[in-house]
Amino acid sequence: MEGDKWMNLLITGGAGYIGSHTVVRLLESGYDVVIVDNYMNSKPEVIKRIERITEKRIKVYEVDLRDSVALEQVFCENHFDGVIHFAGLKAVGESVDFPLDYYDNNVVGTLVLLKVMEKCQVQNIVFSSSATVYGDKNQSPLVETMPLSTTNPYGTTKWMIEEMIKDVTYANPNWSAVNLRYFNPIGAHPSGMIGEDPNGIPNNLMPYITQVAIGKRDYLSVFGNDYDTIDGTGVRDYIHVMDLAEGHLKAFDYTLKHKGCHVFNLGTGKGHSVLEVIRFFEKATKTQIPYQIEKRRPGDIATCYASVNKAEKDLKWKAKFDMFKMCEDAWRWQSKNPNGFE
Ligand code: NAD
Ligand code: UD1
């Protein structure tokens with residue numbers, strides 16, 4: 001919050017996994033929010049849950065970002081001090097099969113959003129980028145200044161959007177933008193009322209583990225144990241979604257004080273192997289996770305973790321929660337909601 005000034009933020013994709021947790025933190029911190037979401041990968045039930053957690057009412061527009069007329073109407077009906085832009089498709093494999101859907105939804109959606117923002121003179125944006133823009137050539141810890149490359153259409157949309165946002169800030173010095181490169185968000189709100197609710201078979205490690213623990217899946221496939229890592233399995237920088245949410249508050253605050261385009265990694269700076277995650281999960285939740293070692297998943301890299309120096313120094317943000325807490329909270333969400341938001 002900027003002094004005593006009341007802030008109202010537009011949250012695109014606010015019904016999604018990371019958006020919903022960030023909305024909770026924003027409401028708890030005194031921000032007003034308006035959500036735009038077309039529910040293509042979320043359910044209206046999440047809004048009720050956020051309202052129960054925060055005891056606040058939220059204004060939601062069921063609008064597709066690419067619908068410029070409807071989006072402009074949202075801007076006409078509300079005054080916004082800035083936008084936190086989560087809306088997008090995020091499944092790597094799907095993006096390889098349906099690249100045009102990804103370019104259309106992610107890139108065109110953002111283009112429409114930026115145009116409407118420019119027209120309505122809302123010039124502060126925080127964007128959900130991804131560590132995937134570091135590609136497969138850089139050595140961890142990954143630093144914001146490293147050269148970028150991508151290995152799939154999803155990653156390319158993130159890279160393209162970062163470039164688009166940067167160009168907008170170059171062209172108009174009134175703009176302030178922060179591109180946040182998330183590492184691997186996991187966990188859930190400590191209430192267990194909101195969390196990650198993947199459609200179908202989960203692609204990512206933690207939702208797969210929680211579904212094994214609840215008995216929906218028989219065992220976890222561990223994709224490769226012959227990487228050059230401590231135990232041969234892939235190493236990633238897992239970050240609690242509530243830490244990530246907090247990072248967005250800091251990032252928005254940063255846009256109020258700094259013009260131009262800025263990039264920050266949001267990770268813990270620590271890597272955990274797949275087998276370590278399984279052990280943490282079993283200990284934190286007193287469950288058993290049967291697993292089988294299988295061949296490597298195409299496109300995976302051995303190790304990926306963040307350099308967190310820039311976020312610590314400039315955003316004054318640091319992840320607080322450890323793997324134990326991430327597992328506990330992920331499990332509370334899954335065990336209280338075996339079928340997600342259904
Ligand atoms: P999510 O799918 O849970 O949330 C995205 C939300 O955006 C959904 O509610 C969906 O319905 C909505 N949406 C999508 N396209 C839309 C459109 N055209 N118009 C309106 N609403 C639309 O995903 P998430 O995990 O919360 O991720 C949020 C953002 O962070 C995404 O941009 C994602 O690419 C990025 N990101 C996620 C991860 C991750 O592991 N979850 C990692 C790095 C980056
Ligand atoms: C994936 C995406 C990446 C995205 C990130 C965060 C791919 C190829 N990459 O990264 O673009 O930014 O999610 O959302 O999808 N694993 C198993 N068994 C499983 C699932 C995963 O062993 O059933 C392993 C993987 O091989 C990897 C680790 O667990 O070593 C983490 O995998 P995952 O959760 O899918 O995240 P990333 O691959 O890091």
# chains A, B, ... in the order shown; residues from 1 in each chain; ligands from 1
call {"tool": "residues_near_ligand", "arguments": {"ligand": "ligand 1", "cutoff": "7 Å", "atoms": "only C-alpha atoms and all ligand atoms", "output": "PyMOL selection string"}}
result
chain A and resi 12-19+36-42+63-66+86-90+105-106+109+128-131+181-185+196
call {"tool": "residues_near_ligand", "arguments": {"ligand": "ligand 2", "cutoff": "6 Å", "atoms": "only C-alpha atoms and all ligand atoms", "output": "PyMOL selection string"}}
result
chain A and resi 92+130-132+184+203-205+208+220-223+234-236+274+297+299-300
call {"tool": "closest_residue", "arguments": {"among": "A:Ile35, A:Met7, A:Ile47, A:Cys261", "to": "A:Val74", "atoms": "only C-alpha atoms"}}
result
A:Ile35
call {"tool": "closest_residue", "arguments": {"among": "A:Pro298, A:Pro198, A:Gly135, A:Pro290", "to": "A:Asp218", "atoms": "only C-alpha atoms"}}
result
A:Pro290
call {"tool": "residues_around", "arguments": {"residues": "stretch 143-153 of chain A", "least_positions_apart": "4", "cutoff": "9 Å", "atoms": "only C-alpha atoms", "output": "JSON, numbers by chain"}}
result
{"A": [92, 93, 95, 96, 98, 99, 100, 102, 103, 132, 133, 134, 135, 136, 137, 138, 157, 158, 159, 181, 263, 264, 265, 299, 306, 307, 308, 309, 310]}
call {"tool": "atom_distance", "arguments": {"atom1": "atom CA of A:Leu249", "atom2": "atom CA of A:Leu26"}}
result
7.0 Å
call {"tool": "decode", "arguments": {"residues": "stretch 75-122 of chain A", "atoms": "N, CA and C atoms", "output": "short mmCIF file (atom, residue, chain, number, x, y, z; two decimals), in the first residue's frame"}}
result
data_model
loop_
_atom_site.label_atom_id
_atom_site.label_comp_id
_atom_site.auth_asym_id
_atom_site.auth_seq_id
_atom_site.Cartn_x
_atom_site.Cartn_y
_atom_site.Cartn_z
N PHE A 75 -12.27 -1.93 -17.75
CA PHE A 75 -11.45 -0.77 -17.40
C PHE A 75 -12.30 0.49 -17.26
N CYS A 76 -13.38 0.58 -18.04
CA CYS A 76 -14.24 1.77 -17.94
C CYS A 76 -15.04 1.77 -16.64
N GLU A 77 -15.39 0.58 -16.19
CA GLU A 77 -16.24 0.49 -14.99
C GLU A 77 -15.45 0.57 -13.68
N ASN A 78 -14.12 0.47 -13.79
CA ASN A 78 -13.29 0.45 -12.57
C ASN A 78 -12.10 1.38 -12.75
N HIS A 79 -11.60 1.90 -11.63
CA HIS A 79 -10.32 2.61 -11.70
C HIS A 79 -9.24 1.65 -11.22
N PHE A 80 -8.22 1.42 -12.04
CA PHE A 80 -7.14 0.52 -11.63
C PHE A 80 -5.83 1.28 -11.42
N ASP A 81 -5.13 0.91 -10.34
CA ASP A 81 -3.79 1.46 -10.11
C ASP A 81 -2.72 0.58 -10.74
N GLY A 82 -3.11 -0.59 -11.20
CA GLY A 82 -2.13 -1.47 -11.84
C GLY A 82 -2.76 -2.83 -12.12
N VAL A 83 -1.97 -3.66 -12.79
CA VAL A 83 -2.46 -4.98 -13.20
C VAL A 83 -1.43 -6.03 -12.78
N ILE A 84 -1.93 -7.12 -12.22
CA ILE A 84 -1.07 -8.31 -12.05
C ILE A 84 -1.61 -9.35 -13.02
N HIS A 85 -0.75 -9.75 -13.94
CA HIS A 85 -1.21 -10.51 -15.11
C HIS A 85 -0.77 -11.97 -15.04
N PHE A 86 -1.70 -12.83 -14.55
CA PHE A 86 -1.44 -14.27 -14.45
C PHE A 86 -2.03 -15.05 -15.62
N ALA A 87 -3.07 -14.50 -16.25
CA ALA A 87 -3.86 -15.31 -17.19
C ALA A 87 -3.00 -15.85 -18.33
N GLY A 88 -3.11 -17.15 -18.55
CA GLY A 88 -2.36 -17.77 -19.64
C GLY A 88 -2.48 -19.27 -19.54
N LEU A 89 -2.11 -19.93 -20.63
CA LEU A 89 -2.04 -21.39 -20.63
C LEU A 89 -0.62 -21.78 -20.22
N LYS A 90 -0.47 -22.95 -19.55
CA LYS A 90 0.84 -23.22 -18.93
C LYS A 90 1.37 -24.64 -19.09
N ALA A 91 0.72 -25.47 -19.90
CA ALA A 91 1.19 -26.86 -19.99
C ALA A 91 2.18 -27.02 -21.15
N VAL A 92 3.42 -27.37 -20.79
CA VAL A 92 4.49 -27.43 -21.79
C VAL A 92 4.17 -28.42 -22.92
N GLY A 93 3.77 -29.64 -22.55
CA GLY A 93 3.50 -30.68 -23.56
C GLY A 93 2.38 -30.26 -24.49
N GLU A 94 1.31 -29.71 -23.91
CA GLU A 94 0.17 -29.25 -24.71
C GLU A 94 0.61 -28.15 -25.69
N SER A 95 1.54 -27.31 -25.24
CA SER A 95 1.99 -26.21 -26.11
C SER A 95 2.75 -26.73 -27.33
N VAL A 96 3.39 -27.91 -27.17
CA VAL A 96 4.09 -28.51 -28.30
C VAL A 96 3.07 -29.04 -29.32
N ASP A 97 1.96 -29.59 -28.80
CA ASP A 97 0.93 -30.16 -29.69
C ASP A 97 0.03 -29.08 -30.31
N PHE A 98 -0.21 -28.01 -29.54
CA PHE A 98 -1.13 -26.96 -30.00
C PHE A 98 -0.48 -25.57 -29.90
N PRO A 99 0.61 -25.36 -30.65
CA PRO A 99 1.35 -24.10 -30.48
C PRO A 99 0.51 -22.86 -30.75
N LEU A 100 -0.38 -22.95 -31.76
CA LEU A 100 -1.13 -21.74 -32.12
C LEU A 100 -2.07 -21.32 -30.99
N ASP A 101 -2.62 -22.31 -30.29
CA ASP A 101 -3.48 -21.98 -29.14
C ASP A 101 -2.69 -21.21 -28.09
N TYR A 102 -1.43 -21.61 -27.93
CA TYR A 102 -0.59 -20.94 -26.92
C TYR A 102 -0.23 -19.53 -27.36
N TYR A 103 0.16 -19.37 -28.63
CA TYR A 103 0.49 -18.01 -29.09
C TYR A 103 -0.75 -17.13 -29.04
N ASP A 104 -1.89 -17.71 -29.41
CA ASP A 104 -3.12 -16.92 -29.41
C ASP A 104 -3.49 -16.51 -27.99
N ASN A 105 -3.61 -17.48 -27.11
CA ASN A 105 -4.07 -17.15 -25.76
C ASN A 105 -3.06 -16.29 -25.01
N ASN A 106 -1.81 -16.71 -24.99
CA ASN A 106 -0.84 -16.02 -24.14
C ASN A 106 -0.36 -14.71 -24.77
N VAL A 107 0.06 -14.77 -26.03
CA VAL A 107 0.64 -13.57 -26.64
C VAL A 107 -0.46 -12.59 -27.05
N VAL A 108 -1.47 -13.07 -27.77
CA VAL A 108 -2.53 -12.16 -28.20
C VAL A 108 -3.29 -11.63 -26.97
N GLY A 109 -3.55 -12.52 -25.99
CA GLY A 109 -4.23 -12.07 -24.76
C GLY A 109 -3.47 -10.92 -24.11
N THR A 110 -2.14 -11.05 -24.03
CA THR A 110 -1.34 -9.99 -23.39
C THR A 110 -1.32 -8.73 -24.26
N LEU A 111 -1.26 -8.93 -25.57
CA LEU A 111 -1.27 -7.78 -26.49
C LEU A 111 -2.54 -6.95 -26.29
N VAL A 112 -3.68 -7.63 -26.24
CA VAL A 112 -4.95 -6.93 -26.04
C VAL A 112 -4.92 -6.20 -24.69
N LEU A 113 -4.46 -6.91 -23.67
CA LEU A 113 -4.40 -6.30 -22.33
C LEU A 113 -3.54 -5.03 -22.34
N LEU A 114 -2.35 -5.11 -22.94
CA LEU A 114 -1.44 -3.96 -22.95
C LEU A 114 -2.05 -2.79 -23.72
N LYS A 115 -2.73 -3.10 -24.80
CA LYS A 115 -3.37 -2.03 -25.60
C LYS A 115 -4.46 -1.32 -24.79
N VAL A 116 -5.27 -2.12 -24.11
CA VAL A 116 -6.34 -1.53 -23.30
C VAL A 116 -5.73 -0.72 -22.15
N MET A 117 -4.68 -1.26 -21.54
CA MET A 117 -4.02 -0.52 -20.45
C MET A 117 -3.50 0.82 -20.96
N GLU A 118 -2.85 0.80 -22.13
CA GLU A 118 -2.30 2.04 -22.70
C GLU A 118 -3.42 3.04 -22.95
N LYS A 119 -4.51 2.54 -23.54
CA LYS A 119 -5.64 3.42 -23.86
C LYS A 119 -6.24 4.04 -22.59
N CYS A 120 -6.31 3.24 -21.55
CA CYS A 120 -6.94 3.71 -20.31
C CYS A 120 -5.92 4.29 -19.33
N GLN A 121 -4.68 4.43 -19.79
CA GLN A 121 -3.60 5.01 -18.99
C GLN A 121 -3.38 4.31 -17.65
N VAL A 122 -3.47 3.01 -17.69
CA VAL A 122 -3.04 2.20 -16.54
C VAL A 122 -1.69 1.62 -16.96
#
